[in-house]
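Chemist: To be precise about what I am sending: the file is called my_file-v4.txt and holds compact mmCIF, C-alpha atoms and all ligand atoms.
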# COMPACT_ATOMS: atom_id res chain seq x y z
CA MET Y 1 91.21 -81.30 321.41
CA LYS Y 2 94.41 -83.29 320.83
CA ASN Y 3 97.32 -82.52 323.13
CA ILE Y 4 100.82 -82.55 321.74
CA LEU Y 5 104.01 -82.54 323.80
CA ILE Y 6 106.76 -80.50 322.16
CA THR Y 7 110.19 -81.37 323.54
CA GLY Y 8 112.67 -78.58 322.91
CA GLY Y 9 109.63 -76.34 322.43
CA ALA Y 10 111.37 -73.18 323.67
CA GLY Y 11 113.82 -73.19 320.75
CA PHE Y 12 113.70 -71.77 317.25
CA ILE Y 13 111.83 -74.53 315.41
CA GLY Y 14 109.91 -75.67 318.51
CA SER Y 15 108.41 -72.27 319.28
CA HIS Y 16 107.26 -71.69 315.69
CA THR Y 17 105.77 -75.17 315.64
CA ALA Y 18 103.92 -74.46 318.89
CA VAL Y 19 102.28 -71.44 317.24
CA GLU Y 20 101.17 -73.39 314.16
CA LEU Y 21 99.79 -76.22 316.29
CA ILE Y 22 97.83 -73.92 318.58
CA GLU Y 23 96.46 -72.03 315.57
CA ALA Y 24 95.37 -75.37 314.07
CA GLY Y 25 93.44 -76.20 317.25
CA TYR Y 26 95.88 -78.45 319.12
CA GLY Y 27 96.68 -78.21 322.81
CA VAL Y 28 100.42 -77.76 323.30
CA ILE Y 29 102.61 -78.69 326.26
CA VAL Y 30 106.26 -77.66 326.12
CA ALA Y 31 109.20 -79.46 327.73
CA ASP Y 32 112.63 -77.86 327.51
CA ASN Y 33 115.70 -77.86 329.76
CA LEU Y 34 116.61 -74.35 328.51
CA SER Y 35 120.19 -75.51 327.84
CA ASN Y 36 120.15 -73.63 324.53
CA ALA Y 37 117.09 -71.41 324.85
CA ASP Y 38 115.39 -69.14 327.34
CA THR Y 39 111.76 -68.29 327.89
CA THR Y 40 111.74 -65.36 325.41
CA CYS Y 41 110.22 -67.38 322.59
CA LEU Y 42 107.68 -69.07 324.88
CA GLU Y 43 106.48 -65.63 325.92
CA GLY Y 44 106.30 -64.76 322.22
CA VAL Y 45 104.20 -67.85 321.51
CA GLU Y 46 101.75 -66.80 324.22
CA LYS Y 47 101.55 -63.26 322.84
CA ILE Y 48 100.93 -64.46 319.28
CA THR Y 49 98.32 -67.06 320.19
CA GLY Y 50 96.80 -65.36 323.24
CA GLN Y 51 97.09 -68.68 325.07
CA LYS Y 52 99.01 -69.82 328.11
CA VAL Y 53 101.34 -72.70 327.22
CA PRO Y 54 102.01 -75.26 329.97
CA PHE Y 55 105.79 -75.38 330.35
CA TYR Y 56 107.96 -77.99 332.09
CA GLN Y 57 111.63 -77.17 332.54
CA ILE Y 58 112.90 -80.72 332.47
CA ASP Y 59 115.61 -82.85 330.94
CA CYS Y 60 114.00 -85.40 328.64
CA CYS Y 61 116.73 -87.91 329.51
CA LYS Y 62 115.17 -88.15 332.99
CA LYS Y 63 112.35 -90.65 332.85
CA GLU Y 64 110.69 -89.59 336.10
CA ASP Y 65 110.48 -85.98 334.92
CA LEU Y 66 108.90 -87.01 331.62
CA ARG Y 67 106.48 -89.36 333.36
CA LYS Y 68 105.23 -86.44 335.45
CA ILE Y 69 104.12 -84.66 332.26
CA PHE Y 70 102.19 -87.73 331.13
CA THR Y 71 100.60 -88.10 334.56
CA GLU Y 72 99.47 -84.49 334.67
CA ASN Y 73 98.29 -84.25 331.03
CA ARG Y 74 96.64 -86.47 328.46
CA ILE Y 75 99.24 -86.62 325.70
CA ASP Y 76 98.10 -87.72 322.23
CA GLY Y 77 101.40 -87.21 320.46
CA ALA Y 78 104.86 -85.72 320.69
CA ILE Y 79 107.19 -83.74 318.48
CA HIS Y 80 110.80 -84.26 319.45
CA PHE Y 81 113.15 -81.32 318.99
CA ALA Y 82 115.13 -81.60 322.22
CA ALA Y 83 118.68 -82.18 320.98
CA PHE Y 84 122.10 -80.59 320.73
CA LYS Y 85 122.70 -79.30 317.21
CA ALA Y 86 126.19 -77.87 316.72
CA VAL Y 87 128.19 -79.99 314.27
CA GLY Y 88 131.63 -78.74 315.40
CA GLU Y 89 130.86 -79.14 319.09
CA SER Y 90 129.67 -82.69 318.44
CA VAL Y 91 133.12 -83.58 317.08
CA GLU Y 92 134.73 -82.26 320.28
CA LYS Y 93 132.16 -83.75 322.65
CA PRO Y 94 130.79 -86.88 320.98
CA LEU Y 95 129.78 -88.62 324.21
CA MET Y 96 127.76 -85.62 325.34
CA TYR Y 97 125.97 -85.60 321.95
CA TYR Y 98 125.27 -89.33 321.87
CA HIS Y 99 124.15 -89.29 325.50
CA ASN Y 100 121.77 -86.37 325.16
CA ASN Y 101 120.38 -86.85 321.65
CA LEU Y 102 119.86 -90.60 321.85
CA LEU Y 103 118.83 -90.96 325.47
CA SER Y 104 116.27 -88.15 325.37
CA PHE Y 105 114.54 -89.72 322.37
CA ILE Y 106 114.64 -93.28 323.72
CA THR Y 107 113.27 -92.07 327.05
CA LEU Y 108 110.45 -90.20 325.34
CA LEU Y 109 109.48 -93.29 323.33
CA GLU Y 110 109.62 -95.51 326.42
CA VAL Y 111 107.37 -93.19 328.38
CA MET Y 112 104.97 -92.95 325.44
CA VAL Y 113 104.75 -96.75 325.19
CA GLU Y 114 104.00 -96.87 328.95
CA ASN Y 115 101.18 -94.40 328.31
CA ASN Y 116 99.35 -96.05 325.39
CA GLY Y 117 101.64 -94.63 322.70
CA GLY Y 118 100.56 -91.95 320.23
CA ALA Y 119 101.90 -90.04 317.25
CA VAL Y 120 105.59 -89.10 317.15
CA VAL Y 121 107.26 -86.61 314.83
CA PHE Y 122 111.06 -86.79 314.81
CA SER Y 123 112.94 -83.74 313.62
CA SER Y 124 115.67 -85.00 311.34
CA SER Y 125 117.85 -83.19 308.87
CA ALA Y 126 119.10 -83.12 305.29
CA THR Y 127 122.48 -83.79 306.87
CA VAL Y 128 121.60 -87.52 306.66
CA TYR Y 129 122.09 -87.33 302.88
CA GLY Y 130 125.67 -85.98 303.04
CA GLN Y 131 126.71 -84.97 299.52
CA PRO Y 132 124.22 -86.94 297.43
CA ASP Y 133 125.22 -88.52 294.12
CA SER Y 134 122.32 -86.88 292.33
CA LEU Y 135 120.15 -83.83 293.00
CA PRO Y 136 117.54 -83.00 294.11
CA VAL Y 137 117.35 -85.61 296.85
CA THR Y 138 114.26 -87.73 297.34
CA GLU Y 139 113.50 -89.59 300.54
CA ASP Y 140 114.75 -92.75 298.82
CA THR Y 141 118.17 -91.25 298.10
CA PRO Y 142 120.52 -93.40 300.21
CA ARG Y 143 121.80 -91.87 303.42
CA LYS Y 144 125.57 -91.32 303.47
CA PRO Y 145 127.77 -92.26 306.44
CA ALA Y 146 127.48 -89.37 308.88
CA GLU Y 147 130.28 -86.81 308.87
CA SER Y 148 129.85 -85.89 312.53
CA PRO Y 149 128.50 -87.34 315.77
CA TYR Y 150 125.63 -84.84 315.44
CA GLY Y 151 124.70 -86.20 312.01
CA ASN Y 152 125.05 -89.73 313.31
CA THR Y 153 122.58 -89.04 316.14
CA LYS Y 154 120.02 -87.96 313.51
CA GLN Y 155 120.51 -91.20 311.57
CA ILE Y 156 120.38 -93.37 314.68
CA CYS Y 157 117.23 -91.64 315.98
CA GLU Y 158 115.55 -92.19 312.59
CA ASP Y 159 116.37 -95.91 312.90
CA ILE Y 160 115.18 -96.02 316.50
CA LEU Y 161 111.80 -94.57 315.54
CA MET Y 162 111.42 -96.94 312.57
CA ASP Y 163 112.14 -99.95 314.79
CA ALA Y 164 109.96 -98.73 317.66
CA VAL Y 165 106.96 -98.14 315.38
CA LYS Y 166 107.36 -101.66 313.95
CA ALA Y 167 107.53 -103.26 317.38
CA HIS Y 168 104.90 -101.17 319.19
CA PRO Y 169 101.64 -100.86 317.27
CA CYS Y 170 100.52 -98.16 319.73
CA LEU Y 171 103.16 -95.83 318.24
CA LYS Y 172 102.88 -94.00 314.95
CA GLY Y 173 105.81 -92.14 313.50
CA VAL Y 174 106.79 -89.53 310.94
CA ILE Y 175 110.34 -88.41 310.23
CA LEU Y 176 110.75 -84.91 308.81
CA ARG Y 177 114.09 -84.13 307.18
CA TYR Y 178 114.53 -80.38 307.30
CA PHE Y 179 116.65 -78.56 304.80
CA ASN Y 180 117.83 -75.08 305.95
CA PRO Y 181 115.21 -73.43 308.19
CA ILE Y 182 115.51 -69.63 308.22
CA GLY Y 183 113.47 -66.51 308.99
CA ALA Y 184 111.21 -65.61 311.87
CA HIS Y 185 107.53 -65.26 312.65
CA PRO Y 186 106.07 -62.23 310.77
CA SER Y 187 105.02 -60.74 314.12
CA ALA Y 188 108.73 -60.50 315.08
CA LEU Y 189 107.73 -61.91 318.47
CA ILE Y 190 109.67 -65.15 317.98
CA GLY Y 191 112.79 -65.97 315.98
CA GLU Y 192 116.25 -67.45 316.17
CA LEU Y 193 118.30 -66.69 319.30
CA PRO Y 194 121.73 -68.24 318.81
CA ARG Y 195 123.99 -68.29 321.88
CA GLY Y 196 127.38 -66.72 321.18
CA VAL Y 197 128.74 -66.59 317.63
CA PRO Y 198 126.17 -68.01 315.21
CA ASN Y 199 127.15 -71.09 313.21
CA ASN Y 200 124.38 -70.74 310.65
CA LEU Y 201 124.37 -68.40 307.71
CA VAL Y 202 121.26 -66.27 308.22
CA PRO Y 203 121.78 -65.37 311.90
CA PHE Y 204 125.35 -64.46 310.98
CA ILE Y 205 124.06 -62.22 308.17
CA THR Y 206 121.49 -60.49 310.41
CA GLN Y 207 124.05 -59.97 313.19
CA THR Y 208 126.52 -58.53 310.69
CA ALA Y 209 123.85 -56.19 309.33
CA ALA Y 210 123.12 -55.17 312.95
CA ARG Y 211 126.86 -54.53 313.38
CA LEU Y 212 127.29 -57.08 316.11
CA ARG Y 213 129.78 -58.86 313.85
CA GLU Y 214 132.34 -57.07 311.75
CA GLU Y 215 131.94 -59.16 308.63
CA LEU Y 216 130.47 -62.36 307.31
CA ARG Y 217 132.87 -65.00 306.08
CA ILE Y 218 131.64 -66.77 302.98
CA PHE Y 219 133.08 -70.24 303.21
CA GLY Y 220 134.43 -70.96 299.74
CA ASN Y 221 133.75 -69.63 296.24
CA ASP Y 222 135.48 -72.43 294.38
CA TYR Y 223 132.61 -74.91 294.31
CA SER Y 224 131.29 -76.17 290.96
CA THR Y 225 128.24 -73.91 291.08
CA SER Y 226 127.31 -70.91 288.96
CA ASP Y 227 128.92 -68.35 291.30
CA GLY Y 228 131.24 -70.76 293.10
CA THR Y 229 129.44 -70.62 296.45
CA ALA Y 230 127.55 -73.55 297.97
CA LEU Y 231 123.91 -74.31 297.20
CA ARG Y 232 121.26 -74.97 299.86
CA ASP Y 233 117.49 -75.16 300.14
CA TYR Y 234 116.40 -72.40 302.56
CA ILE Y 235 112.94 -73.02 303.96
CA ASP Y 236 110.84 -70.44 305.79
CA ILE Y 237 110.46 -71.35 309.46
CA VAL Y 238 106.67 -70.82 309.45
CA ASP Y 239 106.28 -73.04 306.37
CA LEU Y 240 108.45 -75.65 308.06
CA ALA Y 241 106.46 -75.41 311.30
CA ALA Y 242 103.23 -75.95 309.35
CA ALA Y 243 104.59 -79.26 308.05
CA HIS Y 244 104.33 -80.63 311.60
CA VAL Y 245 100.60 -80.01 311.63
CA SER Y 246 100.32 -81.93 308.35
CA ALA Y 247 102.48 -84.75 309.76
CA LEU Y 248 100.23 -85.08 312.81
CA GLU Y 249 97.13 -85.11 310.63
CA ARG Y 250 98.68 -87.81 308.50
CA MET Y 251 99.14 -90.02 311.57
CA THR Y 252 95.66 -89.50 312.92
CA GLY Y 253 93.91 -91.35 310.18
CA HIS Y 254 95.18 -91.27 306.64
CA ASN Y 255 98.25 -93.52 306.72
CA PRO Y 256 96.86 -96.90 305.71
CA ASP Y 257 99.65 -99.26 306.78
CA GLY Y 258 100.81 -97.47 309.92
CA SER Y 259 104.46 -97.47 308.84
CA CYS Y 260 106.89 -94.75 309.83
CA GLU Y 261 107.06 -92.38 306.87
CA VAL Y 262 109.86 -89.99 305.91
CA PHE Y 263 109.40 -86.58 304.28
CA ASN Y 264 111.75 -83.94 302.93
CA ILE Y 265 110.79 -80.49 304.15
CA GLY Y 266 112.28 -77.87 301.87
CA THR Y 267 111.33 -75.59 298.99
CA GLY Y 268 112.91 -77.60 296.18
CA LYS Y 269 114.78 -74.48 295.03
CA PRO Y 270 118.54 -74.18 295.45
CA ILE Y 271 120.05 -70.78 296.33
CA SER Y 272 123.75 -70.00 296.61
CA VAL Y 273 125.32 -68.36 299.64
CA MET Y 274 126.19 -65.31 297.55
CA GLU Y 275 122.67 -65.02 296.14
CA LEU Y 276 121.22 -65.18 299.64
CA VAL Y 277 123.51 -62.41 300.91
CA GLU Y 278 122.63 -60.24 297.87
CA LYS Y 279 118.91 -60.83 298.29
CA PHE Y 280 119.14 -59.92 301.99
CA THR Y 281 120.86 -56.64 301.16
CA GLU Y 282 118.40 -55.84 298.39
CA VAL Y 283 115.21 -56.65 300.29
CA ASN Y 284 116.21 -54.96 303.53
CA ARG Y 285 118.31 -52.14 302.05
CA VAL Y 286 121.04 -52.75 304.57
CA PRO Y 287 124.69 -53.51 303.80
CA VAL Y 288 126.34 -56.76 304.89
CA ARG Y 289 130.13 -56.69 304.89
CA TYR Y 290 131.62 -59.96 303.78
CA LYS Y 291 134.83 -61.59 302.67
CA ILE Y 292 135.48 -64.86 300.89
CA THR Y 293 137.47 -67.36 302.90
CA GLY Y 294 138.36 -71.04 302.51
CA ARG Y 295 135.75 -73.77 302.62
CA ARG Y 296 134.38 -74.84 306.00
CA GLU Y 297 135.31 -78.39 306.96
CA GLY Y 298 132.45 -80.85 306.56
CA ASP Y 299 130.39 -78.63 304.23
CA VAL Y 300 128.86 -80.20 301.15
CA GLU Y 301 128.79 -78.39 297.81
CA ALA Y 302 125.08 -78.59 297.08
CA VAL Y 303 121.93 -80.10 298.49
CA TRP Y 304 118.30 -79.40 297.83
CA ALA Y 305 115.05 -81.27 298.23
CA ASP Y 306 112.65 -83.05 295.98
CA THR Y 307 109.50 -82.28 297.95
CA SER Y 308 106.99 -84.21 295.81
CA ARG Y 309 106.23 -86.74 298.52
CA ALA Y 310 105.38 -84.10 301.14
CA ASN Y 311 103.40 -82.13 298.54
CA LYS Y 312 101.35 -85.16 297.60
CA VAL Y 313 101.04 -87.25 300.74
CA LEU Y 314 101.05 -84.52 303.41
CA ARG Y 315 99.36 -82.00 301.12
CA TRP Y 316 101.98 -79.56 302.33
CA LYS Y 317 103.97 -77.08 300.28
CA ALA Y 318 106.34 -74.24 301.12
CA SER Y 319 104.56 -71.02 300.17
CA ARG Y 320 106.58 -68.05 301.43
CA SER Y 321 109.14 -66.34 299.22
CA VAL Y 322 112.75 -66.14 300.29
CA GLU Y 323 112.48 -62.34 300.08
CA GLN Y 324 109.62 -62.32 302.60
CA THR Y 325 111.56 -64.72 304.81
CA LEU Y 326 114.71 -62.57 304.78
CA ALA Y 327 112.62 -59.50 305.61
CA ASN Y 328 111.16 -61.35 308.62
CA ALA Y 329 114.63 -62.44 309.74
CA TRP Y 330 115.82 -58.82 309.67
CA ALA Y 331 112.69 -57.50 311.41
CA TRP Y 332 113.31 -59.96 314.27
CA GLU Y 333 117.01 -59.04 314.59
CA LYS Y 334 116.17 -55.32 314.57
CA LYS Y 335 113.59 -55.81 317.28
CA LEU Y 336 116.04 -57.78 319.42
CA ARG Y 337 118.70 -55.07 319.09
CA GLY Y 338 116.39 -52.09 319.34
CA ILE Y 339 117.20 -50.91 315.79
CA ASN Y 340 114.56 -48.77 314.01
N1 LIG L 401 128.04 -70.26 305.55
C1 LIG L 401 128.93 -69.22 305.30
N2 LIG L 401 129.26 -68.40 306.33
C2 LIG L 401 128.78 -68.55 307.59
C3 LIG L 401 127.86 -69.61 307.84
C4 LIG L 401 127.52 -70.45 306.79
O1 LIG L 401 129.40 -69.04 304.18
O2 LIG L 401 129.14 -67.78 308.49
C5 LIG L 401 127.64 -71.16 304.44
C6 LIG L 401 127.98 -72.61 304.69
O3 LIG L 401 129.32 -72.87 304.28
C7 LIG L 401 126.93 -73.32 303.85
C8 LIG L 401 125.72 -72.39 303.92
O4 LIG L 401 126.23 -71.12 304.32
O5 LIG L 401 127.34 -73.41 302.51
C9 LIG L 401 124.67 -72.83 304.94
O6 LIG L 401 125.32 -73.06 306.16
P1 LIG L 401 124.53 -73.28 307.52
O7 LIG L 401 125.57 -73.45 308.63
O8 LIG L 401 123.54 -72.19 307.72
O9 LIG L 401 123.71 -74.62 307.29
P2 LIG L 401 124.20 -76.09 306.84
O10 LIG L 401 123.80 -76.23 305.41
O11 LIG L 401 125.66 -76.21 307.10
O12 LIG L 401 123.39 -76.97 307.72
Translate the structure of the given file into structure tokens.
Ligand code: UDP
Modeler:
Amino acid sequence: MKNILITGGAGFIGSHTAVELIEAGYGVIVADNLSNADTTCLEGVEKITGQKVPFYQIDCCKKEDLRKIFTENRIDGAIHFAAFKAVGESVEKPLMYYHNNLLSFITLLEVMVENNGGAVVFSSSATVYGQPDSLPVTEDTPRKPAESPYGNTKQICEDILMDAVKAHPCLKGVILRYFNPIGAHPSALIGELPRGVPNNLVPFITQTAARLREELRIFGNDYSTSDGTALRDYIDIVDLAAAHVSALERMTGHNPDGSCEVFNIGTGKPISVMELVEKFTEVNRVPVRYKITGRREGDVEAVWADTSRANKVLRWKASRSVEQTLANAWAWEKKLRGIN
């Protein structure tokens, strides 16, 4: 069995990825400092899979703490999620973002090189494309200068992995650029747990439907889109998690030249903010109060993925419908809040 270290494995994407990996026959070890997560989702992972997941509450910036994991376990690869992710906060606290997001990744790679290397998946984001000149975006669409320190850390970490894989033949790398991950596991045992007021659209919708928030603000309806609201590519979290299994498989054999490859992970289908809110209401038969406000600073008008490379090379494709995904998101929120 191959053992994979998941840094940031207690979070939203990390916990869903842990489930997919375990179900595909991998051993999973989770490292997380719980700065933006608690153990709820880890418990959920264990319930879903019926397996105990070794968990280390450590800060990945601390080399000694990471080394301990490699001493106590044989690690064949790592998926790196451990990072701060709030765009606005990164503008206010750039040094904290650069310190944490860069140092944790560099430290992980250093410790891997000390331990005979292995496969590395870096979790990047469509944010690296900014507002692209043409749509949909392929992996060869040029990256735009980052609009925030957060976005910049994603670009820099991509470059770090590319350079490290070139210099250290013991390392293999895949970069996954996620579009907008949403939803929850169909069991409703794991899902998104934002701390405080959610920044992202779907948790804000589910919390408004659950009456934790008075109303959703739709940031702008004056974009050049069919209904004026912004277009995004919303990808089911379980589909997205499954892409990590494909990425690991790609590195354990099929990539002929050993280069660090990049893949878009999305559905390829744009949906507007308004359409998403309407679909949520329709599928779940629950009202969501909203009002239109001004645009949010830093938002792009439209971005969606060309996923041909992932479809072909990783043999991976998003398969769940947005309706199913929105139903799962609501089931998770209801369970959290004790709503019937
Ligand atoms: N959005 C919104 N209201 C909210 C949160 C988000 O209208 O409370 C919009 C946002 O302006 C963007 C889309 O929803 O057009 C997706 O935003 P999100 O923060 O989820 O992801 P992003 O694409 O910014 O990474």
Chemist: Measuring atom to atom with all atoms listed in the file, identify which of Y:Val286, Y:Cys170, Y:Leu240, Y:Val273 is nearest to Ser319 of chain Y.
Modeler: Y:Leu240
Chemist: Which residues are near Leu336 of chain Y? Cut-off 12 Å, only C-alpha atoms, ignore same chain within fewer than 5 positions. Put them as a list of chain:residue names.
Modeler: Y:Thr40, Y:Cys41, Y:Ala184, Y:Ala188, Y:Leu189, Y:Ile190, Y:Gly191, Y:Glu192, Y:Leu193, Y:Pro194, Y:Thr206, Y:Gln207, Y:Ala210, Y:Leu212, Y:Ala329, Y:Trp330, Y:Ala331
Chemist: Which residues come within 8 Å of Ala310 of chain Y, counting only C-alpha atoms, excluding same-chain residues fewer than 6 positions away, as a list in words?
Modeler: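 Close residues of Ala310 of chain Y: Phe263, Asn264, Ile265, Trp316 and Lys317 of chain Y.
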Chemist: Between atom CA of Ala247 of chain Y and atom CA of Val137 of chain Y, what is the spacing in Å?
Modeler: 19.7 Å
Chemist: Name the residues, by chain letter and number, that sit within 10 Å of ligand LIG 401 (chain L) using all atoms listed in the file, and give them as a PDB file with C-alpha atoms, in the frame of the given file.
Modeler:
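In the end it all went to part17.pdb:
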ATOM      1  CA  LYS Y  85     122.700 -79.300 317.210  1.00  0.00           C
ATOM      2  CA  ALA Y  86     126.190 -77.870 316.720  1.00  0.00           C
ATOM      3  CA  VAL Y  87     128.190 -79.990 314.270  1.00  0.00           C
ATOM      4  CA  SER Y 125     117.850 -83.190 308.870  1.00  0.00           C
ATOM      5  CA  ALA Y 126     119.100 -83.120 305.290  1.00  0.00           C
ATOM      6  CA  THR Y 127     122.480 -83.790 306.870  1.00  0.00           C
ATOM      7  CA  TYR Y 178     114.530 -80.380 307.300  1.00  0.00           C
ATOM      8  CA  PHE Y 179     116.650 -78.560 304.800  1.00  0.00           C
ATOM      9  CA  ASN Y 180     117.830 -75.080 305.950  1.00  0.00           C
ATOM     10  CA  PRO Y 181     115.210 -73.430 308.190  1.00  0.00           C
ATOM     11  CA  ILE Y 182     115.510 -69.630 308.220  1.00  0.00           C
ATOM     12  CA  VAL Y 197     128.740 -66.590 317.630  1.00  0.00           C
ATOM     13  CA  PRO Y 198     126.170 -68.010 315.210  1.00  0.00           C
ATOM     14  CA  ASN Y 199     127.150 -71.090 313.210  1.00  0.00           C
ATOM     15  CA  ASN Y 200     124.380 -70.740 310.650  1.00  0.00           C
ATOM     16  CA  LEU Y 201     124.370 -68.400 307.710  1.00  0.00           C
ATOM     17  CA  VAL Y 202     121.260 -66.270 308.220  1.00  0.00           C
ATOM     18  CA  PRO Y 203     121.780 -65.370 311.900  1.00  0.00           C
ATOM     19  CA  PHE Y 204     125.350 -64.460 310.980  1.00  0.00           C
ATOM     20  CA  ILE Y 205     124.060 -62.220 308.170  1.00  0.00           C
ATOM     21  CA  THR Y 208     126.520 -58.530 310.690  1.00  0.00           C
ATOM     22  CA  GLU Y 215     131.940 -59.160 308.630  1.00  0.00           C
ATOM     23  CA  LEU Y 216     130.470 -62.360 307.310  1.00  0.00           C
ATOM     24  CA  ARG Y 217     132.870 -65.000 306.080  1.00  0.00           C
ATOM     25  CA  ILE Y 218     131.640 -66.770 302.980  1.00  0.00           C
ATOM     26  CA  PHE Y 219     133.080 -70.240 303.210  1.00  0.00           C
ATOM     27  CA  GLY Y 220     134.430 -70.960 299.740  1.00  0.00           C
ATOM     28  CA  ASN Y 221     133.750 -69.630 296.240  1.00  0.00           C
ATOM     29  CA  TYR Y 223     132.610 -74.910 294.310  1.00  0.00           C
ATOM     30  CA  THR Y 229     129.440 -70.620 296.450  1.00  0.00           C
ATOM     31  CA  ALA Y 230     127.550 -73.550 297.970  1.00  0.00           C
ATOM     32  CA  LEU Y 231     123.910 -74.310 297.200  1.00  0.00           C
ATOM     33  CA  ARG Y 232     121.260 -74.970 299.860  1.00  0.00           C
ATOM     34  CA  ASP Y 233     117.490 -75.160 300.140  1.00  0.00           C
ATOM     35  CA  TYR Y 234     116.400 -72.400 302.560  1.00  0.00           C
ATOM     36  CA  ILE Y 271     120.050 -70.780 296.330  1.00  0.00           C
ATOM     37  CA  SER Y 272     123.750 -70.000 296.610  1.00  0.00           C
ATOM     38  CA  VAL Y 273     125.320 -68.360 299.640  1.00  0.00           C
ATOM     39  CA  MET Y 274     126.190 -65.310 297.550  1.00  0.00           C
ATOM     40  CA  LEU Y 276     121.220 -65.180 299.640  1.00  0.00           C
ATOM     41  CA  VAL Y 277     123.510 -62.410 300.910  1.00  0.00           C
ATOM     42  CA  TYR Y 290     131.620 -59.960 303.780  1.00  0.00           C
ATOM     43  CA  LYS Y 291     134.830 -61.590 302.670  1.00  0.00           C
ATOM     44  CA  ILE Y 292     135.480 -64.860 300.890  1.00  0.00           C
ATOM     45  CA  THR Y 293     137.470 -67.360 302.900  1.00  0.00           C
ATOM     46  CA  GLY Y 294     138.360 -71.040 302.510  1.00  0.00           C
ATOM     47  CA  ARG Y 295     135.750 -73.770 302.620  1.00  0.00           C
ATOM     48  CA  ARG Y 296     134.380 -74.840 306.000  1.00  0.00           C
ATOM     49  CA  GLU Y 297     135.310 -78.390 306.960  1.00  0.00           C
ATOM     50  CA  GLY Y 298     132.450 -80.850 306.560  1.00  0.00           C
ATOM     51  CA  ASP Y 299     130.390 -78.630 304.230  1.00  0.00           C
ATOM     52  CA  VAL Y 300     128.860 -80.200 301.150  1.00  0.00           C
ATOM     53  CA  GLU Y 301     128.790 -78.390 297.810  1.00  0.00           C
ATOM     54  CA  ALA Y 302     125.080 -78.590 297.080  1.00  0.00           C
ATOM     55  CA  VAL Y 303     121.930 -80.100 298.490  1.00  0.00           C
ATOM     56  CA  TRP Y 304     118.300 -79.400 297.830  1.00  0.00           C
TER      57      TRP Y 304
END
